[in-house]
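K.L.:
Sharing start14.pdb below, PDB, C-alpha atoms, pLDDT in the B column:
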ATOM      1  CA  MET W   1      12.508  16.938  -9.393  1.00 75.00           C
ATOM      2  CA  ASN W   2      13.316  13.352 -10.032  1.00 91.00           C
ATOM      3  CA  PHE W   3      12.646  10.832  -7.270  1.00 96.00           C
ATOM      4  CA  ARG W   4      14.784   7.692  -7.406  1.00 96.00           C
ATOM      5  CA  GLY W   5      15.374   4.686  -5.243  1.00 96.00           C
ATOM      6  CA  GLU W   6      13.560   2.150  -3.143  1.00 97.00           C
ATOM      7  CA  TYR W   7      13.202   2.713   0.614  1.00 98.00           C
ATOM      8  CA  GLU W   8      11.877   0.203   3.129  1.00 98.00           C
ATOM      9  CA  CYS W   9       9.763   1.927   5.771  1.00 98.00           C
ATOM     10  CA  THR W  10       7.334   1.084   8.531  1.00 97.00           C
ATOM     11  CA  MET W  11       3.840   2.490   8.910  1.00 97.00           C
ATOM     12  CA  ASP W  12       3.032   3.017  12.585  1.00 96.00           C
ATOM     13  CA  ASP W  13      -0.289   2.148  14.250  1.00 93.00           C
ATOM     14  CA  LYS W  14      -1.626   5.637  13.507  1.00 95.00           C
ATOM     15  CA  GLY W  15      -0.871   5.297   9.780  1.00 95.00           C
ATOM     16  CA  ARG W  16       2.222   7.523   9.737  1.00 97.00           C
ATOM     17  CA  ILE W  17       5.319   6.907   7.640  1.00 98.00           C
ATOM     18  CA  LYS W  18       8.618   8.719   8.044  1.00 98.00           C
ATOM     19  CA  MET W  19       9.811  10.084   4.709  1.00 98.00           C
ATOM     20  CA  PRO W  20      13.453   9.084   4.060  1.00 97.00           C
ATOM     21  CA  SER W  21      15.674  12.160   4.002  1.00 96.00           C
ATOM     22  CA  ALA W  22      16.962  11.334   0.491  1.00 96.00           C
ATOM     23  CA  LEU W  23      13.389  11.746  -0.807  1.00 97.00           C
ATOM     24  CA  ARG W  24      12.321  14.494   1.600  1.00 96.00           C
ATOM     25  CA  LYS W  25      15.049  16.884   0.453  1.00 95.00           C
ATOM     26  CA  LEU W  26      13.772  16.673  -3.152  1.00 95.00           C
ATOM     27  CA  PHE W  27      10.403  18.256  -2.312  1.00 95.00           C
ATOM     28  CA  PRO W  28      10.333  21.909  -3.413  1.00 93.00           C
ATOM     29  CA  ALA W  29      10.793  24.263  -0.442  1.00 93.00           C
ATOM     30  CA  GLU W  30       8.080  26.594  -1.749  1.00 95.00           C
ATOM     31  CA  GLU W  31       5.508  23.804  -1.331  1.00 94.00           C
ATOM     32  CA  LYS W  32       6.230  23.812   2.435  1.00 93.00           C
ATOM     33  CA  GLY W  33       6.031  20.033   2.758  1.00 94.00           C
ATOM     34  CA  THR W  34       2.537  19.800   1.260  1.00 97.00           C
ATOM     35  CA  PHE W  35       1.699  17.125  -1.298  1.00 98.00           C
ATOM     36  CA  MET W  36      -1.128  14.946  -2.587  1.00 98.00           C
ATOM     37  CA  ILE W  37      -1.671  11.206  -2.057  1.00 97.00           C
ATOM     38  CA  ALA W  38      -4.062   9.085  -4.137  1.00 96.00           C
ATOM     39  CA  LYS W  39      -4.691   5.484  -5.151  1.00 95.00           C
ATOM     40  CA  ASP W  40      -2.593   4.582  -8.193  1.00 94.00           C
ATOM     41  CA  ILE W  41      -3.572   2.476 -11.205  1.00 90.00           C
ATOM     42  CA  GLU W  42      -1.315  -0.279  -9.892  1.00 89.00           C
ATOM     43  CA  ASP W  43      -1.971  -1.815  -6.493  1.00 90.00           C
ATOM     44  CA  CYS W  44      -0.262   0.997  -4.584  1.00 96.00           C
ATOM     45  CA  LEU W  45      -0.643   4.602  -3.485  1.00 97.00           C
ATOM     46  CA  VAL W  46       1.157   7.522  -5.075  1.00 97.00           C
ATOM     47  CA  ILE W  47       2.551  10.768  -3.686  1.00 98.00           C
ATOM     48  CA  TYR W  48       2.521  13.781  -5.981  1.00 97.00           C
ATOM     49  CA  PRO W  49       4.366  16.959  -5.016  1.00 97.00           C
ATOM     50  CA  MET W  50       1.936  19.835  -5.595  1.00 97.00           C
ATOM     51  CA  LYS W  51       3.453  20.918  -8.922  1.00 95.00           C
ATOM     52  CA  ALA W  52       3.361  17.340 -10.260  1.00 95.00           C
ATOM     53  CA  TRP W  53      -0.239  16.983  -9.081  1.00 97.00           C
ATOM     54  CA  GLU W  54      -1.245  20.248 -10.776  1.00 96.00           C
ATOM     55  CA  GLU W  55       0.194  18.944 -14.062  1.00 96.00           C
ATOM     56  CA  LYS W  56      -1.657  15.623 -13.694  1.00 95.00           C
ATOM     57  CA  GLU W  57      -4.858  17.450 -12.774  1.00 96.00           C
ATOM     58  CA  ALA W  58      -4.546  19.660 -15.857  1.00 97.00           C
ATOM     59  CA  SER W  59      -4.192  16.575 -18.071  1.00 96.00           C
ATOM     60  CA  LEU W  60      -7.257  15.005 -16.413  1.00 96.00           C
ATOM     61  CA  ARG W  61      -9.265  18.226 -16.901  1.00 96.00           C
ATOM     62  CA  ALA W  62      -8.365  18.197 -20.593  1.00 97.00           C
ATOM     63  CA  LEU W  63     -10.068  14.833 -21.129  1.00 97.00           C
ATOM     64  CA  ASN W  64     -13.503  14.807 -22.768  1.00 96.00           C
ATOM     65  CA  GLN W  65     -15.904  14.774 -19.802  1.00 94.00           C
ATOM     66  CA  SER W  66     -18.768  13.830 -22.145  1.00 96.00           C
ATOM     67  CA  ASP W  67     -17.208  10.389 -22.622  1.00 96.00           C
ATOM     68  CA  PRO W  68     -18.460   8.078 -19.808  1.00 96.00           C
ATOM     69  CA  GLU W  69     -15.273   5.983 -19.836  1.00 97.00           C
ATOM     70  CA  LEU W  70     -13.043   9.050 -19.536  1.00 97.00           C
ATOM     71  CA  ARG W  71     -15.218  10.397 -16.702  1.00 95.00           C
ATOM     72  CA  GLN W  72     -14.849   7.030 -14.997  1.00 95.00           C
ATOM     73  CA  PHE W  73     -11.057   7.212 -15.465  1.00 95.00           C
ATOM     74  CA  VAL W  74     -10.969  10.720 -13.962  1.00 96.00           C
ATOM     75  CA  ARG W  75     -12.990   9.562 -10.943  1.00 94.00           C
ATOM     76  CA  ALA W  76     -10.754   6.515 -10.508  1.00 93.00           C
ATOM     77  CA  SER W  77      -7.692   8.797 -10.633  1.00 93.00           C
ATOM     78  CA  MET W  78      -9.137  10.812  -7.753  1.00 93.00           C
ATOM     79  CA  ILE W  79      -9.794   7.862  -5.414  1.00 90.00           C
ATOM     80  CA  GLY W  80      -8.721   8.838  -1.933  1.00 92.00           C
ATOM     81  CA  LEU W  81      -7.091  12.050  -3.133  1.00 96.00           C
ATOM     82  CA  THR W  82      -5.853  13.751   0.013  1.00 97.00           C
ATOM     83  CA  GLU W  83      -3.705  16.802   0.652  1.00 97.00           C
ATOM     84  CA  VAL W  84      -1.033  15.894   3.191  1.00 97.00           C
ATOM     85  CA  GLN W  85       1.763  17.723   4.964  1.00 97.00           C
ATOM     86  CA  PHE W  86       4.910  16.543   6.728  1.00 97.00           C
ATOM     87  CA  ASP W  87       4.819  16.817  10.511  1.00 97.00           C
ATOM     88  CA  ASN W  88       7.772  18.055  12.599  1.00 96.00           C
ATOM     89  CA  ALA W  89       9.351  14.568  12.465  1.00 97.00           C
ATOM     90  CA  ASP W  90       9.117  14.375   8.625  1.00 97.00           C
ATOM     91  CA  ARG W  91       6.280  11.859   8.859  1.00 98.00           C
ATOM     92  CA  PHE W  92       3.098  11.900   6.814  1.00 98.00           C
ATOM     93  CA  LEU W  93      -0.259  10.337   7.541  1.00 97.00           C
ATOM     94  CA  ILE W  94      -1.992   7.784   5.343  1.00 96.00           C
ATOM     95  CA  ASN W  95      -5.691   8.160   6.121  1.00 94.00           C
ATOM     96  CA  LYS W  96      -7.737   5.031   6.800  1.00 92.00           C
ATOM     97  CA  GLY W  97      -9.478   5.236   3.431  1.00 91.00           C
ATOM     98  CA  LEU W  98      -6.155   4.977   1.621  1.00 94.00           C
ATOM     99  CA  ALA W  99      -4.439   2.664   4.129  1.00 93.00           C
ATOM    100  CA  LYS W 100      -6.837  -0.129   3.205  1.00 92.00           C
ATOM    101  CA  TYR W 101      -5.117  -0.347  -0.205  1.00 90.00           C
ATOM    102  CA  LEU W 102      -1.870  -1.217   1.567  1.00 91.00           C
ATOM    103  CA  GLY W 103      -3.430  -4.169   3.371  1.00 86.00           C
ATOM    104  CA  ASN W 104      -2.734  -5.028   6.981  1.00 82.00           C
ATOM    105  CA  SER W 105       1.040  -4.955   6.676  1.00 86.00           C
ATOM    106  CA  LYS W 106       3.041  -2.251   8.387  1.00 94.00           C
ATOM    107  CA  ASP W 107       6.002  -2.931   6.084  1.00 97.00           C
ATOM    108  CA  VAL W 108       5.890  -0.537   3.137  1.00 97.00           C
ATOM    109  CA  VAL W 109       8.271   0.500   0.395  1.00 98.00           C
ATOM    110  CA  LEU W 110       8.571   4.017  -0.994  1.00 98.00           C
ATOM    111  CA  LEU W 111       9.607   3.810  -4.633  1.00 98.00           C
ATOM    112  CA  GLY W 112      10.783   6.936  -6.440  1.00 97.00           C
ATOM    113  CA  VAL W 113       9.432   7.060 -10.004  1.00 96.00           C
ATOM    114  CA  PHE W 114      10.280  10.280 -11.854  1.00 95.00           C
ATOM    115  CA  ASP W 115       8.034  13.053 -10.432  1.00 95.00           C
ATOM    116  CA  GLN W 116       6.182  10.860  -7.936  1.00 97.00           C
ATOM    117  CA  ILE W 117       6.707   8.392  -5.114  1.00 98.00           C
ATOM    118  CA  GLN W 118       4.777   5.151  -5.024  1.00 98.00           C
ATOM    119  CA  ILE W 119       3.854   3.608  -1.670  1.00 98.00           C
ATOM    120  CA  TRP W 120       3.661  -0.184  -1.808  1.00 97.00           C
ATOM    121  CA  ASP W 121       2.874  -2.922   0.650  1.00 96.00           C
ATOM    122  CA  ALA W 122       6.310  -4.607   0.727  1.00 96.00           C
ATOM    123  CA  ALA W 123       4.958  -8.090  -0.122  1.00 94.00           C
ATOM    124  CA  LYS W 124       2.802  -6.772  -3.007  1.00 94.00           C
ATOM    125  CA  LEU W 125       5.759  -4.905  -4.488  1.00 95.00           C
ATOM    126  CA  GLU W 126       7.888  -8.036  -4.384  1.00 94.00           C
ATOM    127  CA  GLN W 127       5.160  -9.983  -6.220  1.00 92.00           C
ATOM    128  CA  TYR W 128       4.755  -7.186  -8.785  1.00 90.00           C
ATOM    129  CA  GLN W 129       8.503  -6.951  -9.373  1.00 91.00           C
ATOM    130  CA  ASN W 130       8.884 -10.713  -9.741  1.00 90.00           C
ATOM    131  CA  ALA W 131       6.119 -10.748 -12.359  1.00 88.00           C
ATOM    132  CA  SER W 132       7.734  -7.830 -14.212  1.00 87.00           C
ATOM    133  CA  ILE W 133      11.183  -9.420 -14.167  1.00 85.00           C
ATOM    134  CA  GLY W 134       9.671 -12.621 -15.526  1.00 82.00           C
ATOM    135  CA  ASN W 135       8.413 -10.647 -18.536  1.00 86.00           C
ATOM    136  CA  ILE W 136      11.309  -8.198 -18.885  1.00 87.00           C
ATOM    137  CA  LYS W 137      12.110  -9.195 -22.473  1.00 89.00           C
ATOM    138  CA  GLY W 138       8.536  -8.570 -23.599  1.00 87.00           C
ATOM    139  CA  LEU W 139       8.380  -5.270 -21.716  1.00 86.00           C
ATOM    140  CA  ALA W 140      11.714  -4.148 -23.169  1.00 89.00           C
ATOM    141  CA  ALA W 141      10.546  -4.974 -26.703  1.00 91.00           C
ATOM    142  CA  LYS W 142       7.364  -2.933 -26.202  1.00 90.00           C
ATOM    143  CA  ALA W 143       9.360   0.028 -24.812  1.00 91.00           C
ATOM    144  CA  ALA W 144      11.788  -0.137 -27.740  1.00 92.00           C
ATOM    145  CA  GLN W 145       8.893  -0.198 -30.217  1.00 91.00           C
ATOM    146  CA  GLU W 146       7.285   2.868 -28.632  1.00 92.00           C
ATOM    147  CA  GLN W 147      10.588   4.780 -28.686  1.00 92.00           C
ATOM    148  CA  LYS W 148      11.041   3.842 -32.348  1.00 91.00           C
ATOM    149  CA  GLU W 149       7.532   5.123 -33.192  1.00 93.00           C
ATOM    150  CA  LYS W 150       8.215   8.454 -31.467  1.00 89.00           C
ATOM    151  CA  ARG W 151      11.298   9.157 -33.606  1.00 87.00           C
TER     152      ARG W 151
END
In structure tokens, how does this file's structure come out?
P.N.:
Amino acid sequence: MNFRGEYECTMDDKGRIKMPSALRKLFPAEEKGTFMIAKDIEDCLVIYPMKAWEEKEASLRALNQSDPELRQFVRASMIGLTEVQFDNADRFLINKGLAKYLGNSKDVVLLGVFDQIQIWDAAKLEQYQNASIGNIKGLAAKAAQEQKEKR
């Protein structure tokens, strides 16, 4: 599965967001609309379909748990981790513990990024994107260097 695109959505007063059909149809049928939501490293939340979460969890388990910094990283990766399911109207609930990371705004953006969907406060995403665009040449050079090293 490969999520793509940027979708403006509204979070209702109960913390529910309707999943756009273009994204919803990409969730594996065998997962029956169940997925995981957690706080991301960036200032957003992230949705992992169950298979993608299981792969991430396996990589986290493989880290050396004797290293205090790696343990801290694992704990930080689990902040707010919640199993969620679509309701009959293709909405999903952001619990209050996670909603606080989106601020007080009801305007959110769902951003497809490979095997996950990021949930951003619309204003924060605009700020983040503007900062990234301002440094696009530096970011492109770093990406090119990493690709060169992998060859």
K.L.:
Taking only C-alpha atoms into account, name the residue in W:Leu102, W:Val84, W:Ala38, W:Ile136 that is nearest to W:Gln116.
P.N.:
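Residue with the minimum atom-to-atom distance to W:Gln116: W:Ala38.
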K.L.:
Select, from W:Asp107, W:Glu57, W:Glu149, W:Glu31, the residue with the minimum atom-to-atom distance to W:Arg75, counting all atoms listed in the file.
P.N.:
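When distances to W:Arg75 are compared using all atoms listed in the file, the smallest one comes from W:Glu57.
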K.L.:
Give me the residues near stretch 39-54 of chain W as a PyMOL selection string, where near means some atom within 8 Å (using all atoms listed in the file) and where sequence neighbours in that chain fewer than 3 positions away do not count.
P.N.:
chain W and resi 27-28+31+34-36+57-58+77-81+98+101-102+115-121+124
K.L.:
Could the residues in this selection be written to a file with C-alpha atoms, as a compact mmCIF listing (two decimals), keeping the file's coordinate frame?
P.N.:
# COMPACT_ATOMS: atom_id res chain seq x y z
CA PHE W 27 10.40 18.26 -2.31
CA PRO W 28 10.33 21.91 -3.41
CA GLU W 31 5.51 23.80 -1.33
CA THR W 34 2.54 19.80 1.26
CA PHE W 35 1.70 17.12 -1.30
CA MET W 36 -1.13 14.95 -2.59
CA GLU W 57 -4.86 17.45 -12.77
CA ALA W 58 -4.55 19.66 -15.86
CA SER W 77 -7.69 8.80 -10.63
CA MET W 78 -9.14 10.81 -7.75
CA ILE W 79 -9.79 7.86 -5.41
CA GLY W 80 -8.72 8.84 -1.93
CA LEU W 81 -7.09 12.05 -3.13
CA LEU W 98 -6.16 4.98 1.62
CA TYR W 101 -5.12 -0.35 -0.20
CA LEU W 102 -1.87 -1.22 1.57
CA ASP W 115 8.03 13.05 -10.43
CA GLN W 116 6.18 10.86 -7.94
CA ILE W 117 6.71 8.39 -5.11
CA GLN W 118 4.78 5.15 -5.02
CA ILE W 119 3.85 3.61 -1.67
CA TRP W 120 3.66 -0.18 -1.81
CA ASP W 121 2.87 -2.92 0.65
CA LYS W 124 2.80 -6.77 -3.01
K.L.:
Separation of atom CA of W:Gln85 and atom CA of W:Leu110, in Å?
P.N.:
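Computing the Euclidean distance for atom CA of W:Gln85 and atom CA of W:Leu110 yields 16.4 Å.
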K.L.:
Evaluate the PyMOL selection byres ((chain W and resi 20-22) around 12) and record the selected residues as a count of residues only, following the chain and residue labels used in the document.
P.N.:
27
K.L.:
Which value, in Å to one decimal, gives the distance between atom CA of W:Asn130 and atom CA of W:Val108?
P.N.:
16.7 Å
K.L.:
Quick check, in Å to one decimal: how far apart do atom CA of W:Lys142 and atom CA of W:Tyr128 lie?
P.N.:
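Atom CA of W:Tyr128 lies 18.1 Å from atom CA of W:Lys142.
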K.L.:
Which is closer to W:Ser105 than all the others in W:Ala144, W:Met11, W:Gln72, W:Ser59, using all atoms listed in the file?
P.N.:
W:Met11
K.L.:
As an NGL selection string, please: the residues near W:Val74 (cut-off 9 Å, only C-alpha atoms, same-chain neighbours under 3 positions excluded).
P.N.:
:W and (60-61 or 63 or 65 or 69-71 or 77-78)
K.L.:
Around all listed atoms of stretch 39-58 of chain W, padded 3 Å per side, what centre and edge lengths does the axis-aligned box have in Å to one decimal, as AutoDock Vina command-line options?
P.N.:
--center_x -0.2 --center_y 9.6 --center_z -9.7 --size_x 15.2 --size_y 28.7 --size_z 18.4
K.L.:
Generate the missing atoms of stretch 47-69 of chain W up to N, CA and C atoms and report them as an mmCIF file, in the coordinates of the input.
P.N.:
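Written file, result.cif:
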data_model
loop_
_atom_site.group_PDB
_atom_site.id
_atom_site.type_symbol
_atom_site.label_atom_id
_atom_site.label_comp_id
_atom_site.auth_asym_id
_atom_site.auth_seq_id
_atom_site.Cartn_x
_atom_site.Cartn_y
_atom_site.Cartn_z
ATOM 1 N N ILE W 47 2.347 9.417 -4.218
ATOM 2 C CA ILE W 47 2.551 10.768 -3.686
ATOM 3 C C ILE W 47 2.926 11.666 -4.856
ATOM 4 N N TYR W 48 2.210 12.777 -4.971
ATOM 5 C CA TYR W 48 2.521 13.781 -5.981
ATOM 6 C C TYR W 48 2.900 15.077 -5.267
ATOM 7 N N PRO W 49 4.112 15.591 -5.466
ATOM 8 C CA PRO W 49 4.366 16.959 -5.016
ATOM 9 C C PRO W 49 3.333 17.868 -5.690
ATOM 10 N N MET W 50 3.036 18.998 -5.109
ATOM 11 C CA MET W 50 1.936 19.835 -5.595
ATOM 12 C C MET W 50 2.079 20.190 -7.074
ATOM 13 N N LYS W 51 3.284 20.551 -7.510
ATOM 14 C CA LYS W 51 3.453 20.918 -8.922
ATOM 15 C C LYS W 51 3.153 19.728 -9.830
ATOM 16 N N ALA W 52 3.629 18.541 -9.468
ATOM 17 C CA ALA W 52 3.361 17.340 -10.260
ATOM 18 C C ALA W 52 1.868 17.038 -10.270
ATOM 19 N N TRP W 53 1.200 17.232 -9.119
ATOM 20 C CA TRP W 53 -0.239 16.983 -9.081
ATOM 21 C C TRP W 53 -0.971 17.974 -9.990
ATOM 22 N N GLU W 54 -0.580 19.242 -9.938
ATOM 23 C CA GLU W 54 -1.245 20.248 -10.776
ATOM 24 C C GLU W 54 -1.124 19.897 -12.254
ATOM 25 N N GLU W 55 0.021 19.356 -12.670
ATOM 26 C CA GLU W 55 0.194 18.944 -14.062
ATOM 27 C C GLU W 55 -0.712 17.753 -14.389
ATOM 28 N N LYS W 56 -0.784 16.780 -13.475
ATOM 29 C CA LYS W 56 -1.657 15.623 -13.694
ATOM 30 C C LYS W 56 -3.115 16.070 -13.733
ATOM 31 N N GLU W 57 -3.484 16.955 -12.823
ATOM 32 C CA GLU W 57 -4.858 17.450 -12.774
ATOM 33 C C GLU W 57 -5.220 18.177 -14.067
ATOM 34 N N ALA W 58 -4.292 18.955 -14.595
ATOM 35 C CA ALA W 58 -4.546 19.660 -15.857
ATOM 36 C C ALA W 58 -4.774 18.667 -16.992
ATOM 37 N N SER W 59 -3.992 17.570 -17.009
ATOM 38 C CA SER W 59 -4.192 16.575 -18.071
ATOM 39 C C SER W 59 -5.523 15.850 -17.894
ATOM 40 N N LEU W 60 -5.952 15.628 -16.659
ATOM 41 C CA LEU W 60 -7.257 15.005 -16.413
ATOM 42 C C LEU W 60 -8.391 15.938 -16.824
ATOM 43 N N ARG W 61 -8.239 17.238 -16.525
ATOM 44 C CA ARG W 61 -9.265 18.226 -16.901
ATOM 45 C C ARG W 61 -9.435 18.317 -18.416
ATOM 46 N N ALA W 62 -8.341 18.068 -19.135
ATOM 47 C CA ALA W 62 -8.365 18.197 -20.593
ATOM 48 C C ALA W 62 -9.095 17.036 -21.269
ATOM 49 N N LEU W 63 -9.360 15.975 -20.537
ATOM 50 C CA LEU W 63 -10.068 14.833 -21.129
ATOM 51 C C LEU W 63 -11.525 15.183 -21.390
ATOM 52 N N ASN W 64 -12.113 14.568 -22.381
ATOM 53 C CA ASN W 64 -13.503 14.807 -22.768
ATOM 54 C C ASN W 64 -14.439 14.270 -21.684
ATOM 55 N N GLN W 65 -15.028 15.172 -20.904
ATOM 56 C CA GLN W 65 -15.904 14.774 -19.802
ATOM 57 C C GLN W 65 -17.269 14.274 -20.287
ATOM 58 N N SER W 66 -17.529 14.379 -21.583
ATOM 59 C CA SER W 66 -18.768 13.830 -22.145
ATOM 60 C C SER W 66 -18.658 12.330 -22.403
ATOM 61 N N ASP W 67 -17.445 11.818 -22.394
ATOM 62 C CA ASP W 67 -17.208 10.389 -22.622
ATOM 63 C C ASP W 67 -17.306 9.666 -21.276
ATOM 64 N N PRO W 68 -18.279 8.762 -21.101
ATOM 65 C CA PRO W 68 -18.460 8.078 -19.808
ATOM 66 C C PRO W 68 -17.225 7.319 -19.328
ATOM 67 N N GLU W 69 -16.472 6.717 -20.245
ATOM 68 C CA GLU W 69 -15.273 5.983 -19.836
ATOM 69 C C GLU W 69 -14.182 6.922 -19.344
#
